[in-house]
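This is model.cif (mmCIF, C-alpha atoms).
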data_start
loop_
_atom_site.label_atom_id
_atom_site.label_comp_id
_atom_site.auth_asym_id
_atom_site.auth_seq_id
_atom_site.Cartn_x
_atom_site.Cartn_y
_atom_site.Cartn_z
CA MET A 1 -36.87 -11.39 -8.70
CA LEU A 2 -35.59 -7.86 -8.49
CA ARG A 3 -37.93 -5.09 -7.40
CA VAL A 4 -36.81 -1.49 -7.50
CA ASP A 5 -38.79 1.57 -6.54
CA VAL A 6 -36.45 4.42 -5.73
CA VAL A 7 -36.05 8.17 -5.77
CA LYS A 8 -32.65 9.80 -5.71
CA GLN A 9 -31.60 13.39 -6.20
CA LEU A 10 -28.02 13.80 -7.46
CA GLY A 11 -27.32 17.48 -7.85
CA GLU A 12 -29.51 18.70 -10.72
CA PHE A 13 -30.32 15.20 -11.81
CA SER A 14 -33.33 13.41 -10.39
CA LEU A 15 -33.72 9.67 -10.67
CA ARG A 16 -37.10 8.02 -10.17
CA ALA A 17 -37.18 4.41 -11.15
CA THR A 18 -39.77 1.74 -10.58
CA PHE A 19 -39.52 -1.68 -12.17
CA GLU A 20 -39.69 -5.37 -11.50
CA THR A 21 -37.82 -8.04 -13.41
CA GLU A 22 -37.72 -11.79 -13.38
CA GLY A 23 -35.52 -12.71 -16.32
CA ARG A 24 -32.11 -14.31 -16.31
CA VAL A 25 -30.51 -11.23 -17.80
CA THR A 26 -32.17 -7.88 -17.30
CA GLY A 27 -30.81 -5.38 -19.77
CA LEU A 28 -30.74 -1.85 -18.39
CA PHE A 29 -30.70 0.31 -21.47
CA GLY A 30 -30.30 4.05 -21.83
CA ALA A 31 -28.11 6.81 -23.21
CA SER A 32 -25.21 8.03 -21.10
CA GLY A 33 -26.53 10.28 -18.36
CA ALA A 34 -29.82 8.38 -18.14
CA GLY A 35 -28.98 7.28 -14.59
CA LYS A 36 -28.00 3.67 -15.29
CA THR A 37 -24.88 3.64 -13.13
CA SER A 38 -26.61 5.42 -10.24
CA LEU A 39 -29.34 2.85 -10.40
CA VAL A 40 -27.02 -0.17 -10.28
CA SER A 41 -24.96 1.50 -7.54
CA MET A 42 -28.15 1.66 -5.50
CA ILE A 43 -28.92 -2.00 -6.19
CA ALA A 44 -25.36 -2.85 -5.10
CA GLY A 45 -25.77 -0.79 -1.93
CA LEU A 46 -22.96 1.64 -2.77
CA LEU A 47 -25.45 4.50 -3.07
CA ARG A 48 -28.41 5.04 -0.75
CA PRO A 49 -31.77 5.98 -2.22
CA ASP A 50 -33.41 9.11 -0.81
CA ARG A 51 -36.71 7.27 -0.74
CA GLY A 52 -37.95 3.89 -1.78
CA THR A 53 -37.36 0.17 -1.62
CA ILE A 54 -35.13 -2.40 -3.27
CA SER A 55 -35.63 -6.12 -2.79
CA ILE A 56 -34.20 -9.27 -4.28
CA ASP A 57 -36.24 -12.47 -4.18
CA GLY A 58 -38.41 -10.91 -1.50
CA GLU A 59 -35.46 -10.01 0.68
CA ILE A 60 -35.39 -6.32 1.47
CA MET A 61 -32.11 -4.54 0.73
CA ASP A 62 -33.37 -1.00 1.13
CA ASP A 63 -36.52 0.35 2.66
CA THR A 64 -36.18 4.00 3.60
CA ALA A 65 -39.57 4.06 5.35
CA LYS A 66 -38.36 1.36 7.73
CA ALA A 67 -34.82 2.77 7.83
CA ILE A 68 -33.43 -0.45 6.36
CA HIS A 69 -30.20 -0.27 4.39
CA VAL A 70 -28.21 -3.47 4.04
CA PRO A 71 -24.60 -2.38 3.47
CA ALA A 72 -22.97 -3.40 0.19
CA TRP A 73 -20.67 -5.92 1.83
CA ARG A 74 -23.59 -7.89 3.27
CA ARG A 75 -25.68 -8.00 0.07
CA ARG A 76 -23.89 -10.73 -1.81
CA ILE A 77 -24.37 -8.84 -5.05
CA GLY A 78 -21.51 -9.12 -7.51
CA TYR A 79 -20.54 -6.00 -9.41
CA VAL A 80 -18.45 -5.87 -12.56
CA PHE A 81 -17.43 -2.27 -13.13
CA GLN A 82 -16.72 -0.68 -16.45
CA ASP A 83 -13.13 -0.11 -15.32
CA ALA A 84 -12.46 -3.62 -13.89
CA ARG A 85 -11.12 -2.24 -10.58
CA LEU A 86 -8.79 -5.13 -9.89
CA PHE A 87 -6.63 -4.74 -6.79
CA PRO A 88 -3.25 -3.63 -8.16
CA HIS A 89 -1.28 -4.99 -5.21
CA LEU A 90 -2.65 -8.52 -5.53
CA ASP A 91 -1.99 -10.98 -8.33
CA VAL A 92 -4.80 -12.39 -10.44
CA ALA A 93 -5.19 -15.52 -8.29
CA GLN A 94 -5.50 -13.40 -5.14
CA ASN A 95 -7.95 -11.07 -6.85
CA LEU A 96 -10.08 -14.04 -7.88
CA ASP A 97 -10.00 -15.51 -4.39
CA TYR A 98 -10.85 -12.28 -2.55
CA GLY A 99 -14.63 -12.57 -2.57
CA ARG A 100 -14.53 -16.17 -1.41
CA ARG A 101 -12.29 -15.21 1.51
CA MET A 102 -14.42 -12.22 2.49
CA ASN A 103 -17.62 -14.26 2.47
CA ARG A 104 -15.93 -17.10 4.37
CA LEU A 105 -16.85 -19.62 1.71
CA ALA A 106 -15.12 -23.00 1.62
CA ASP A 107 -12.40 -23.35 -0.99
CA ASP A 108 -14.01 -24.76 -4.11
CA PRO A 109 -11.38 -25.87 -6.64
CA THR A 110 -14.00 -27.24 -9.04
CA GLN A 111 -15.82 -23.92 -9.22
CA ARG A 112 -12.53 -22.06 -9.55
CA LYS A 113 -11.46 -24.33 -12.39
CA ARG A 114 -14.83 -23.95 -14.09
CA VAL A 115 -14.72 -20.15 -13.94
CA THR A 116 -11.08 -19.81 -15.00
CA GLU A 117 -11.78 -22.12 -17.93
CA LEU A 118 -15.01 -20.39 -18.85
CA LEU A 119 -13.20 -17.05 -18.97
CA ASP A 120 -9.92 -18.46 -20.23
CA ILE A 121 -7.78 -16.78 -17.57
CA GLY A 122 -5.91 -19.80 -16.19
CA HIS A 123 -2.61 -18.67 -17.69
CA LEU A 124 -2.83 -15.24 -16.02
CA LEU A 125 -3.07 -16.39 -12.40
CA ASP A 126 0.33 -15.23 -11.16
CA ARG A 127 0.33 -11.90 -13.00
CA ARG A 128 -0.41 -8.50 -11.55
CA PRO A 129 -3.31 -6.50 -13.02
CA GLY A 130 -0.79 -3.93 -14.29
CA LYS A 131 0.50 -6.52 -16.75
CA LEU A 132 -2.87 -7.43 -18.24
CA SER A 133 -4.57 -6.12 -21.37
CA GLY A 134 -7.93 -4.37 -21.03
CA GLY A 135 -9.83 -7.43 -22.17
CA GLU A 136 -7.94 -9.74 -19.80
CA ARG A 137 -8.58 -7.36 -16.92
CA GLN A 138 -12.29 -7.34 -17.63
CA ARG A 139 -12.40 -11.14 -17.76
CA VAL A 140 -10.59 -11.38 -14.43
CA ALA A 141 -13.03 -8.86 -12.95
CA LEU A 142 -15.89 -11.05 -14.17
CA GLY A 143 -14.28 -14.12 -12.64
CA ARG A 144 -13.66 -12.30 -9.37
CA ALA A 145 -17.32 -11.31 -9.10
CA LEU A 146 -18.52 -14.82 -10.05
CA LEU A 147 -16.30 -16.58 -7.51
CA SER A 148 -17.81 -14.58 -4.66
CA LYS A 149 -20.96 -16.62 -5.46
CA PRO A 150 -23.32 -13.68 -5.67
CA ARG A 151 -27.10 -14.00 -5.75
CA LEU A 152 -27.21 -11.33 -8.42
CA LEU A 153 -24.55 -10.07 -10.77
CA LEU A 154 -24.46 -6.44 -11.87
CA LEU A 155 -22.52 -5.71 -15.04
CA ASP A 156 -22.09 -1.99 -15.63
CA GLU A 157 -21.06 -1.60 -19.27
CA PRO A 158 -18.35 -4.23 -18.85
CA LEU A 159 -17.38 -3.75 -22.50
CA GLY A 160 -17.63 0.04 -22.41
CA SER A 161 -13.93 0.74 -21.97
CA LEU A 162 -12.87 -1.72 -24.70
CA ASP A 163 -12.42 -1.22 -28.41
CA GLU A 164 -14.43 -3.08 -31.03
CA GLY A 165 -12.04 -6.01 -31.31
CA ARG A 166 -11.88 -6.57 -27.57
CA ARG A 167 -15.65 -6.41 -27.29
CA ALA A 168 -15.98 -9.20 -29.80
CA GLU A 169 -13.44 -11.08 -27.69
CA ILE A 170 -15.45 -10.82 -24.45
CA LEU A 171 -19.02 -11.07 -25.70
CA PRO A 172 -18.95 -14.85 -26.24
CA TYR A 173 -17.77 -15.30 -22.63
CA LEU A 174 -20.77 -13.30 -21.46
CA VAL A 175 -23.13 -15.44 -23.51
CA ARG A 176 -21.55 -18.57 -22.02
CA LEU A 177 -21.85 -17.04 -18.60
CA ARG A 178 -25.55 -16.40 -19.11
CA ASP A 179 -26.16 -19.96 -20.26
CA GLU A 180 -23.93 -21.75 -17.75
CA ALA A 181 -23.56 -19.76 -14.56
CA ARG A 182 -27.18 -19.72 -13.39
CA ILE A 183 -26.81 -16.36 -11.68
CA PRO A 184 -29.38 -13.69 -12.49
CA MET A 185 -27.75 -10.65 -14.03
CA VAL A 186 -28.45 -6.99 -14.59
CA TYR A 187 -26.59 -5.88 -17.67
CA VAL A 188 -26.14 -2.16 -18.22
CA SER A 189 -25.47 -0.92 -21.71
CA HIS A 190 -26.16 1.84 -24.18
CA ASP A 191 -25.59 -0.52 -27.08
CA PRO A 192 -28.81 -2.16 -28.38
CA ALA A 193 -26.87 -4.78 -30.34
CA GLU A 194 -25.11 -5.99 -27.22
CA LEU A 195 -28.37 -6.26 -25.32
CA ARG A 196 -30.12 -8.10 -28.14
CA GLN A 197 -27.47 -10.78 -27.86
CA LEU A 198 -27.54 -11.06 -24.08
CA ALA A 199 -30.68 -9.80 -22.41
CA THR A 200 -33.87 -11.72 -21.78
CA GLN A 201 -35.70 -8.66 -20.54
CA ILE A 202 -35.19 -4.92 -21.02
CA VAL A 203 -35.66 -1.92 -18.75
CA LEU A 204 -35.49 1.32 -20.70
CA LEU A 205 -34.18 4.32 -18.83
CA LYS A 206 -34.43 7.86 -20.13
CA GLY A 207 -33.52 11.03 -18.24
CA GLY A 208 -33.80 9.32 -14.87
CA ARG A 209 -37.19 7.70 -15.59
CA VAL A 210 -38.13 4.16 -16.60
CA THR A 211 -39.95 4.54 -19.91
CA SER A 212 -40.66 0.91 -20.67
CA VAL A 213 -40.13 -2.63 -19.46
CA GLY A 214 -40.46 -5.71 -21.61
CA GLY A 215 -38.80 -8.14 -23.98
CA VAL A 216 -35.87 -7.26 -26.24
CA LYS A 217 -38.32 -5.90 -28.82
CA VAL A 218 -38.76 -2.70 -26.74
CA LEU A 219 -35.28 -1.79 -27.97
CA SER A 220 -36.61 -1.29 -31.47
CA GLY A 221 -39.78 0.54 -30.35
CA MET B 222 38.24 12.99 17.11
CA PHE B 223 36.41 9.69 16.65
CA ASP B 224 36.69 8.37 20.19
CA ILE B 225 33.09 8.47 21.27
CA THR B 226 32.96 8.76 25.05
CA PRO B 227 30.55 6.66 27.16
CA THR B 228 28.47 9.77 27.96
CA GLU B 229 28.09 10.46 24.26
CA TRP B 230 27.16 6.85 23.58
CA ILE B 231 24.48 7.11 26.24
CA ALA B 232 23.09 10.24 24.58
CA ILE B 233 23.14 8.58 21.14
CA LEU B 234 21.43 5.41 22.31
CA LEU B 235 18.91 7.41 24.30
CA SER B 236 18.09 9.53 21.24
CA LEU B 237 17.55 6.40 19.15
CA ARG B 238 15.37 4.84 21.83
CA VAL B 239 13.33 8.02 22.36
CA ALA B 240 12.78 8.55 18.62
CA THR B 241 11.95 4.88 17.99
CA VAL B 242 9.43 4.70 20.82
CA ALA B 243 7.91 8.06 19.82
CA THR B 244 7.53 6.91 16.20
CA LEU B 245 6.14 3.48 17.02
CA VAL B 246 3.55 4.88 19.42
CA ALA B 247 2.65 7.78 17.12
CA THR B 248 2.24 5.62 14.00
CA PRO B 249 -1.07 3.82 14.74
CA LEU B 250 -2.53 7.05 16.09
CA GLY B 251 -1.19 8.92 13.05
CA ILE B 252 -2.70 6.40 10.62
CA ALA B 253 -6.06 6.59 12.37
CA LEU B 254 -6.10 10.40 12.33
CA ALA B 255 -4.82 10.54 8.75
CA TYR B 256 -7.65 8.23 7.72
CA VAL B 257 -10.28 10.25 9.55
CA LEU B 258 -8.98 13.51 8.07
CA ALA B 259 -8.73 12.05 4.56
CA ARG B 260 -12.03 10.22 4.45
CA ARG B 261 -14.53 11.63 6.91
CA ASP B 262 -16.39 14.88 7.15
CA PHE B 263 -17.41 15.89 10.61
CA TRP B 264 -17.95 18.91 12.76
CA GLY B 265 -14.67 20.27 14.11
CA LYS B 266 -12.52 18.69 11.41
CA SER B 267 -10.55 21.87 10.72
CA LEU B 268 -10.10 22.33 14.47
CA LEU B 269 -8.63 18.83 14.77
CA ASP B 270 -6.40 19.52 11.78
CA ALA B 271 -5.21 22.78 13.34
CA LEU B 272 -4.56 21.06 16.65
CA ILE B 273 -2.37 18.43 15.01
CA HIS B 274 -0.40 21.12 13.20
CA LEU B 275 -0.06 23.35 16.25
CA PRO B 276 3.37 22.00 17.35
CA LEU B 277 4.70 22.94 13.91
CA VAL B 278 3.91 26.64 14.37
CA LEU B 279 4.10 27.14 18.13
CA PRO B 280 7.49 28.00 19.60
CA PRO B 281 8.84 24.62 20.84
CA VAL B 282 9.36 26.09 24.28
CA VAL B 283 5.62 26.79 24.45
CA THR B 284 4.74 23.22 23.47
CA GLY B 285 7.23 21.94 26.06
CA TYR B 286 5.74 24.15 28.74
CA LEU B 287 2.20 23.08 27.87
CA LEU B 288 3.31 19.45 28.11
CA LEU B 289 4.83 20.21 31.51
CA LEU B 290 1.56 21.79 32.68
CA ALA B 291 -0.51 18.84 31.45
CA PHE B 292 1.80 15.86 31.96
CA GLY B 293 4.01 17.09 34.83
CA ARG B 294 3.62 15.36 38.20
CA ARG B 295 1.05 17.89 39.29
CA GLY B 296 -0.52 18.32 35.88
CA PRO B 297 -4.02 16.86 35.52
CA ILE B 298 -3.07 14.14 33.03
CA GLY B 299 0.35 13.52 34.54
CA ALA B 300 -1.04 13.05 38.06
CA PHE B 301 -3.81 10.78 36.79
CA LEU B 302 -1.42 8.55 34.86
CA ALA B 303 1.08 8.41 37.71
CA ASP B 304 -1.55 7.56 40.34
CA ASN B 305 -3.48 5.01 38.32
CA PHE B 306 -0.96 3.41 36.01
CA GLY B 307 2.40 4.36 37.47
CA ILE B 308 3.34 6.09 34.21
CA VAL B 309 5.54 9.09 34.89
CA PHE B 310 6.67 11.48 32.16
CA ALA B 311 8.28 14.32 34.10
CA PHE B 312 12.08 14.25 33.87
CA ARG B 313 12.08 10.73 32.46
CA TRP B 314 13.05 9.44 29.02
CA THR B 315 9.38 8.59 28.52
CA GLY B 316 8.66 12.30 28.76
CA ALA B 317 11.30 12.93 26.09
CA ALA B 318 9.56 10.36 23.90
CA LEU B 319 6.23 12.09 24.52
CA SER B 320 7.51 15.53 23.57
CA CYS B 321 9.33 14.15 20.52
CA GLY B 322 6.18 12.31 19.51
CA VAL B 323 4.04 15.44 19.82
CA MET B 324 6.54 17.62 17.96
CA SER B 325 7.02 15.16 15.11
CA PHE B 326 3.32 14.27 14.83
CA PRO B 327 2.34 16.83 12.15
CA LEU B 328 5.21 15.66 9.95
CA LEU B 329 4.27 12.04 10.50
CA VAL B 330 0.57 12.52 9.75
CA ARG B 331 0.87 14.60 6.61
CA PRO B 332 2.34 12.06 4.15
CA MET B 333 0.01 9.42 5.57
CA ARG B 334 -2.99 11.61 4.97
CA LEU B 335 -1.92 12.50 1.44
CA SER B 336 -1.32 8.87 0.51
CA ILE B 337 -4.68 7.77 1.93
CA GLU B 338 -6.39 10.58 0.01
CA ALA B 339 -4.69 9.28 -3.13
CA VAL B 340 -6.04 5.72 -2.72
CA ASP B 341 -8.69 5.10 -5.38
CA ARG B 342 -12.02 4.87 -3.58
CA ARG B 343 -13.41 2.85 -6.44
CA LEU B 344 -11.12 0.01 -5.39
CA GLU B 345 -12.54 0.23 -1.88
CA GLN B 346 -16.04 0.01 -3.34
CA ALA B 347 -15.02 -3.04 -5.35
CA ALA B 348 -13.83 -4.71 -2.15
CA GLU B 349 -17.14 -3.86 -0.49
CA THR B 350 -19.16 -5.50 -3.25
CA LEU B 351 -17.01 -8.61 -2.77
CA GLY B 352 -18.14 -8.81 0.84
CA ALA B 353 -15.37 -6.99 2.69
CA ALA B 354 -16.49 -5.28 5.90
CA PRO B 355 -15.25 -1.69 6.34
CA TRP B 356 -12.32 -2.69 8.58
CA ARG B 357 -11.26 -5.34 6.05
CA VAL B 358 -11.43 -2.81 3.25
CA PHE B 359 -9.09 -0.65 5.29
CA PHE B 360 -6.54 -3.38 6.02
CA ASP B 361 -6.74 -5.15 2.64
CA VAL B 362 -7.00 -2.21 0.27
CA THR B 363 -6.55 1.25 1.78
CA LEU B 364 -3.56 0.60 4.03
CA PRO B 365 -1.49 -1.51 1.59
CA LEU B 366 -2.03 1.01 -1.18
CA ALA B 367 -1.12 3.90 1.13
CA LEU B 368 1.94 2.08 2.48
CA PRO B 369 4.63 4.18 0.76
CA GLY B 370 3.17 7.31 2.34
CA VAL B 371 2.81 5.63 5.72
CA LEU B 372 6.48 4.65 5.68
CA ALA B 373 7.50 8.11 4.50
CA GLY B 374 5.56 9.62 7.41
CA MET B 375 7.23 7.28 9.88
CA VAL B 376 10.71 8.14 8.66
CA LEU B 377 10.03 11.85 8.58
CA GLY B 378 8.58 11.65 12.09
CA PHE B 379 11.58 9.65 13.27
CA ALA B 380 14.05 12.14 11.80
CA LYS B 381 12.20 15.02 13.45
CA ALA B 382 12.05 13.16 16.77
CA ILE B 383 15.81 12.50 16.70
CA GLY B 384 16.50 16.19 16.30
CA GLU B 385 13.85 17.59 18.65
CA PHE B 386 15.30 19.98 21.19
CA GLY B 387 13.20 22.89 22.45
CA ALA B 388 10.10 21.15 23.71
CA THR B 389 12.06 18.24 25.13
CA ILE B 390 14.52 20.30 27.16
CA THR B 391 11.65 22.46 28.47
CA PHE B 392 9.53 19.48 29.46
CA VAL B 393 12.05 16.97 30.81
CA SER B 394 15.23 19.08 31.16
CA ASN B 395 18.70 17.84 30.24
CA ILE B 396 19.66 15.00 32.58
CA PRO B 397 22.54 12.84 31.32
CA GLY B 398 21.49 9.22 31.08
CA GLU B 399 17.81 9.97 31.46
CA THR B 400 16.69 12.81 29.21
CA GLN B 401 19.88 14.03 27.57
CA THR B 402 19.46 13.30 23.88
CA ILE B 403 22.01 14.08 21.17
CA SER B 404 20.58 17.56 20.71
CA SER B 405 20.67 18.49 24.38
CA ALA B 406 24.13 16.92 24.72
CA ILE B 407 25.36 19.15 21.87
CA TYR B 408 23.75 22.12 23.58
CA SER B 409 25.55 21.30 26.85
CA LEU B 410 28.87 20.71 25.10
CA ILE B 411 28.93 24.01 23.25
CA GLN B 412 28.35 25.73 26.57
CA THR B 413 31.44 24.02 28.04
CA PRO B 414 34.86 25.57 27.35
CA ASP B 415 36.52 22.49 25.78
CA GLY B 416 33.39 20.88 24.36
CA ASP B 417 33.86 21.85 20.72
CA THR B 418 35.39 18.60 19.45
CA ALA B 419 32.86 16.46 21.25
CA ALA B 420 30.03 18.68 20.02
CA LEU B 421 31.26 18.39 16.47
CA ARG B 422 31.41 14.60 16.84
CA LEU B 423 27.77 14.51 17.90
CA VAL B 424 26.83 16.91 15.11
CA ILE B 425 28.36 14.54 12.57
CA ILE B 426 26.62 11.55 14.16
CA SER B 427 23.23 13.26 14.09
CA MET B 428 23.79 14.14 10.44
CA VAL B 429 24.65 10.52 9.66
CA ILE B 430 21.48 9.33 11.40
CA ALA B 431 19.33 11.87 9.55
CA VAL B 432 20.80 11.01 6.15
CA ALA B 433 20.50 7.29 6.84
CA ALA B 434 16.84 7.79 7.75
CA LEU B 435 16.18 9.66 4.51
CA ILE B 436 17.93 7.07 2.38
CA GLY B 437 16.09 4.36 4.27
CA SER B 438 12.73 5.97 3.60
CA GLU B 439 13.53 6.39 -0.07
CA TRP B 440 14.42 2.70 -0.27
CA PHE B 441 11.28 1.61 1.58
CA ALA B 442 9.06 3.83 -0.54
CA ARG B 443 10.55 2.53 -3.76
CA ARG B 444 10.25 -1.07 -2.64
CA ALA B 445 6.67 -0.55 -1.51
CA THR B 446 5.71 1.17 -4.76
CA LYS B 447 7.28 -1.63 -6.74
CA ARG B 448 5.50 -4.25 -4.68
CA LEU B 449 2.19 -2.47 -5.23
CA HIS B 450 2.34 -1.90 -8.95
CA GLY B 451 5.11 -3.98 -10.41
CA ASN B 452 5.39 -7.68 -10.70
#

Once more with this new file: its structure as structure tokens, please.
Amino acid sequence: MLRVDVVKQLGEFSLRATFETEGRVTGLFGASGAGKTSLVSMIAGLLRPDRGTISIDGEIMDDTAKAIHVPAWRRRIGYVFQDARLFPHLDVAQNLDYGRRMNRLADDPTQRKRVTELLDIGHLLDRRPGKLSGGERQRVALGRALLSKPRLLLLDEPLGSLDEGRRAEILPYLVRLRDEARIPMVYVSHDPAELRQLATQIVLLKGGRVTSVGGVKVLSG
Amino acid sequence: MFDITPTEWIAILLSLRVATVATLVATPLGIALAYVLARRDFWGKSLLDALIHLPLVLPPVVTGYLLLLAFGRRGPIGAFLADNFGIVFAFRWTGAALSCGVMSFPLLVRPMRLSIEAVDRRLEQAAETLGAAPWRVFFDVTLPLALPGVLAGMVLGFAKAIGEFGATITFVSNIPGETQTISSAIYSLIQTPDGDTAALRLVIISMVIAVAALIGSEWFARRATKRLHGN
């Protein structure tokens, strides 16, 4: 379970968000500028809230009153960015293996095989990110985050930088991921159609405030 | 014309040794300072920046004299190092390496700083979310991506160190076999009545070294860039 109760001032923009979700895929919905990315950055630990608490399954990640801030690298929260952010100096196989190495996890060929097959990236392993298409890059980024065995996966508009065709190419992988990977996810999007296909629960964000929390039907409300 | 005398050989080898040691010692320090200047905000940052650049704008003789005051046998740092660690700089080749290191430092740091500033911080964040501790982020992401600039800084520093004259001769004098580098050997030769040919020989050699260093850096930078972004 993810509990968020934070306040953050970013220049002129103020973000105050309180919500609690339990679902497999929490859809974080809002127009651009609603504060979605700032919110997931705080959950990931890349941004510190001014005030408030963040906890995952009862484990406190942030609690400003108690001066607790678990740094991003100790949170075990996977993050798939809109712009993939693959390491350009490493090939795809090394990119995929990075999180496992950093978390000192045992080599797990079965898991690696499962993820590369799920995302259909097995044939890209010895390529550099510079030689991949946008869709391939995003799939590798997904695989990289998954293979670090996170307790929560944040997906910040992973289809946002792709054109219509590419989106249709990735979306099925995301659905498979939801049904097979057993990792709770927070999926950020400004596209209701995308969220209807993926999310099990919705958090609506508007101008830095949570306006409603509920099932996918809040998208139409 | 091309018979290099033993004295000249000694000066050439000494120059290479002094510049190599100066560059190798200055590099880790330069990378650390470049990183701090590129990525951290702290009180006194502009002061630190100014201090690093000081040898670039001060007359070399002033830098050399300041080094003599601080690192000479009776200087506070010099006496401390000599008494406690047996490290002596005054009138030794180590002193030449120190002055060359100080004089070349601003040139060495600058490309390193610029290349670290150019590293995409979003990639560092990605590494963090994958569980990389800050020092791992530095060695796995920041440093490899900044490598072309780091190498460029090293070569530029080396080239400057090879040619350093004013501060070195002020600090450690011009002792053949100990502190007489190519530059101070040329200086001595052009003061001697029949030294012209020998001086010219050393001039050509120093030009060859400088050009080789520049070509070398270009090659390294291109290779590093290719390794980073190509296949």

Exercise for the section: Quote the spacing between atom CA of A:Ile77 and atom CA of A:Leu146 in Å to one decimal place. Expected result: 9.7 Å

Exercise for the section: For the structure shown, which residues end up in the PyMOL selection byres ((chain B) within 12 of (chain A))? Put them as a ChimeraX atom specification, please? Expected result: /B:340-358,361-368,445-452

Mind checking which residues fall within 9 Å of stretch 413-422 of chain B, counting all atoms listed in the file, ignoring those fewer than 4 positions away in the same chain, and posting them as a compact mmCIF listing (two decimals) with C-alpha atoms, keeping the file's coordinate frame?
# COMPACT_ATOMS: atom_id res chain seq x y z
CA MET B 222 38.24 12.99 17.11
CA PHE B 223 36.41 9.69 16.65
CA ASP B 224 36.69 8.37 20.19
CA ILE B 225 33.09 8.47 21.27
CA THR B 226 32.96 8.76 25.05
CA GLU B 229 28.09 10.46 24.26
CA ALA B 406 24.13 16.92 24.72
CA ILE B 407 25.36 19.15 21.87
CA TYR B 408 23.75 22.12 23.58
CA SER B 409 25.55 21.30 26.85
CA ILE B 426 26.62 11.55 14.16
CA SER B 427 23.23 13.26 14.09

Practice task
Using the chain letters and residue numbers of this document, give as a ChimeraX atom specification the residues selected by the PyMOL selection byres ((chain A and resi 190-206) around 8).
Solution key: /A:19,21,23-32,34-36,157,174-175,178,187-189,207-216,218-219

Fill in the blank from the handout: Min atom-atom distance to A:Val115 from the set A:Leu159, A:Leu96, A:Val7, A:Leu2, counting only C-alpha atoms, belongs to A:Leu96

Practice task
Apply the PyMOL selection byres ((chain A and resi 6) around 9) to the displayed file and report the matching residues as JSON, numbers by chain.
Solution key: {"A": [4, 5, 7, 8, 15, 16, 17, 18, 39, 42, 49, 50, 51, 52, 53, 54]}

Go ahead and save the picked residues with C-alpha atoms, as a PDB file, in the coordinates of the input.
ATOM      1  CA  VAL A   4     -36.810  -1.490  -7.500  1.00  0.00           C
ATOM      2  CA  ASP A   5     -38.790   1.570  -6.540  1.00  0.00           C
ATOM      3  CA  VAL A   7     -36.050   8.170  -5.770  1.00  0.00           C
ATOM      4  CA  LYS A   8     -32.650   9.800  -5.710  1.00  0.00           C
ATOM      5  CA  LEU A  15     -33.720   9.670 -10.670  1.00  0.00           C
ATOM      6  CA  ARG A  16     -37.100   8.020 -10.170  1.00  0.00           C
ATOM      7  CA  ALA A  17     -37.180   4.410 -11.150  1.00  0.00           C
ATOM      8  CA  THR A  18     -39.770   1.740 -10.580  1.00  0.00           C
ATOM      9  CA  LEU A  39     -29.340   2.850 -10.400  1.00  0.00           C
ATOM     10  CA  MET A  42     -28.150   1.660  -5.500  1.00  0.00           C
ATOM     11  CA  PRO A  49     -31.770   5.980  -2.220  1.00  0.00           C
ATOM     12  CA  ASP A  50     -33.410   9.110  -0.810  1.00  0.00           C
ATOM     13  CA  ARG A  51     -36.710   7.270  -0.740  1.00  0.00           C
ATOM     14  CA  GLY A  52     -37.950   3.890  -1.780  1.00  0.00           C
ATOM     15  CA  THR A  53     -37.360   0.170  -1.620  1.00  0.00           C
ATOM     16  CA  ILE A  54     -35.130  -2.400  -3.270  1.00  0.00           C
TER      17      ILE A  54
END

Handout entry: Among listed residues B:Val309, B:Ala259, B:Leu377, B:Val278, nearest B:Leu335 (using all atoms listed in the file)
Key =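 Among the listed residues, the smallest separation from B:Leu335 belongs to B:Ala259.
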
Handout entry: Surrounding residues of B:Gly370 excluding itself and chain neighbours under 3 positions, 6 Å, only C-alpha atoms, as a ChimeraX atom specification
Key = /B:332-333,336,367,373

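Among the candidates A:Arg3, A:Ile121, A:Pro184, A:Val92, the one nearest to A:Asp62 when counting all atoms listed in the file is A:Arg3.
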
Practice task
Might you pull out every residue within 8 Å of B:Met324, with all atoms listed in the file counted and same-chain residues fewer than 5 positions away left off, and present them as a list in words?
Solution key: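 Contacts, in chain order: Pro276, Leu277, Pro281, Lys381, Ala382, Glu385 and Ala388 of chain B.
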
Exercise for the section: Kindly give the distance, in Å, that separates atom CA of A:Leu177 and atom CA of A:Glu22, rounded to a single decimal. Expected result: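 These atoms are spaced 17.5 Å apart.
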
Within 12 Å of B:Leu290, counting all atoms listed in the file, which residues qualify if same-chain residues fewer than 3 places away don't, as a CSV table (one decimal) with C-alpha atoms, in the frame of the given file?
chain,number,residue,atom,x,y,z
B,283,VAL,CA,5.6,26.8,24.4
B,284,THR,CA,4.7,23.2,23.5
B,285,GLY,CA,7.2,21.9,26.1
B,286,TYR,CA,5.7,24.2,28.7
B,287,LEU,CA,2.2,23.1,27.9
B,293,GLY,CA,4.0,17.1,34.8
B,294,ARG,CA,3.6,15.4,38.2
B,295,ARG,CA,1.0,17.9,39.3
B,296,GLY,CA,-0.5,18.3,35.9
B,297,PRO,CA,-4.0,16.9,35.5
B,298,ILE,CA,-3.1,14.1,33.0
B,299,GLY,CA,0.4,13.5,34.5
B,300,ALA,CA,-1.0,13.0,38.1
B,310,PHE,CA,6.7,11.5,32.2
B,311,ALA,CA,8.3,14.3,34.1
B,391,THR,CA,11.6,22.5,28.5
B,392,PHE,CA,9.5,19.5,29.5
B,393,VAL,CA,12.0,17.0,30.8

Exercise for the section: Please return, as a list of chain:residue names, all polymer residues that have at least one atom within 9 Å of the point (10.8, 16.4, 15.5); use all atoms listed in the file and the file's own coordinate frame. Expected result: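 Counting all atoms listed in the file, I find these residues within 9 Å of (10.8, 16.4, 15.5): B:Ala240, B:Ser320, B:Cys321, B:Gly322, B:Val323, B:Met324, B:Ser325, B:Phe326, B:Leu328, B:Leu377, B:Gly378, B:Phe379, B:Ala380, B:Lys381, B:Ala382, B:Ile383, B:Gly384, B:Glu385, B:Phe386.
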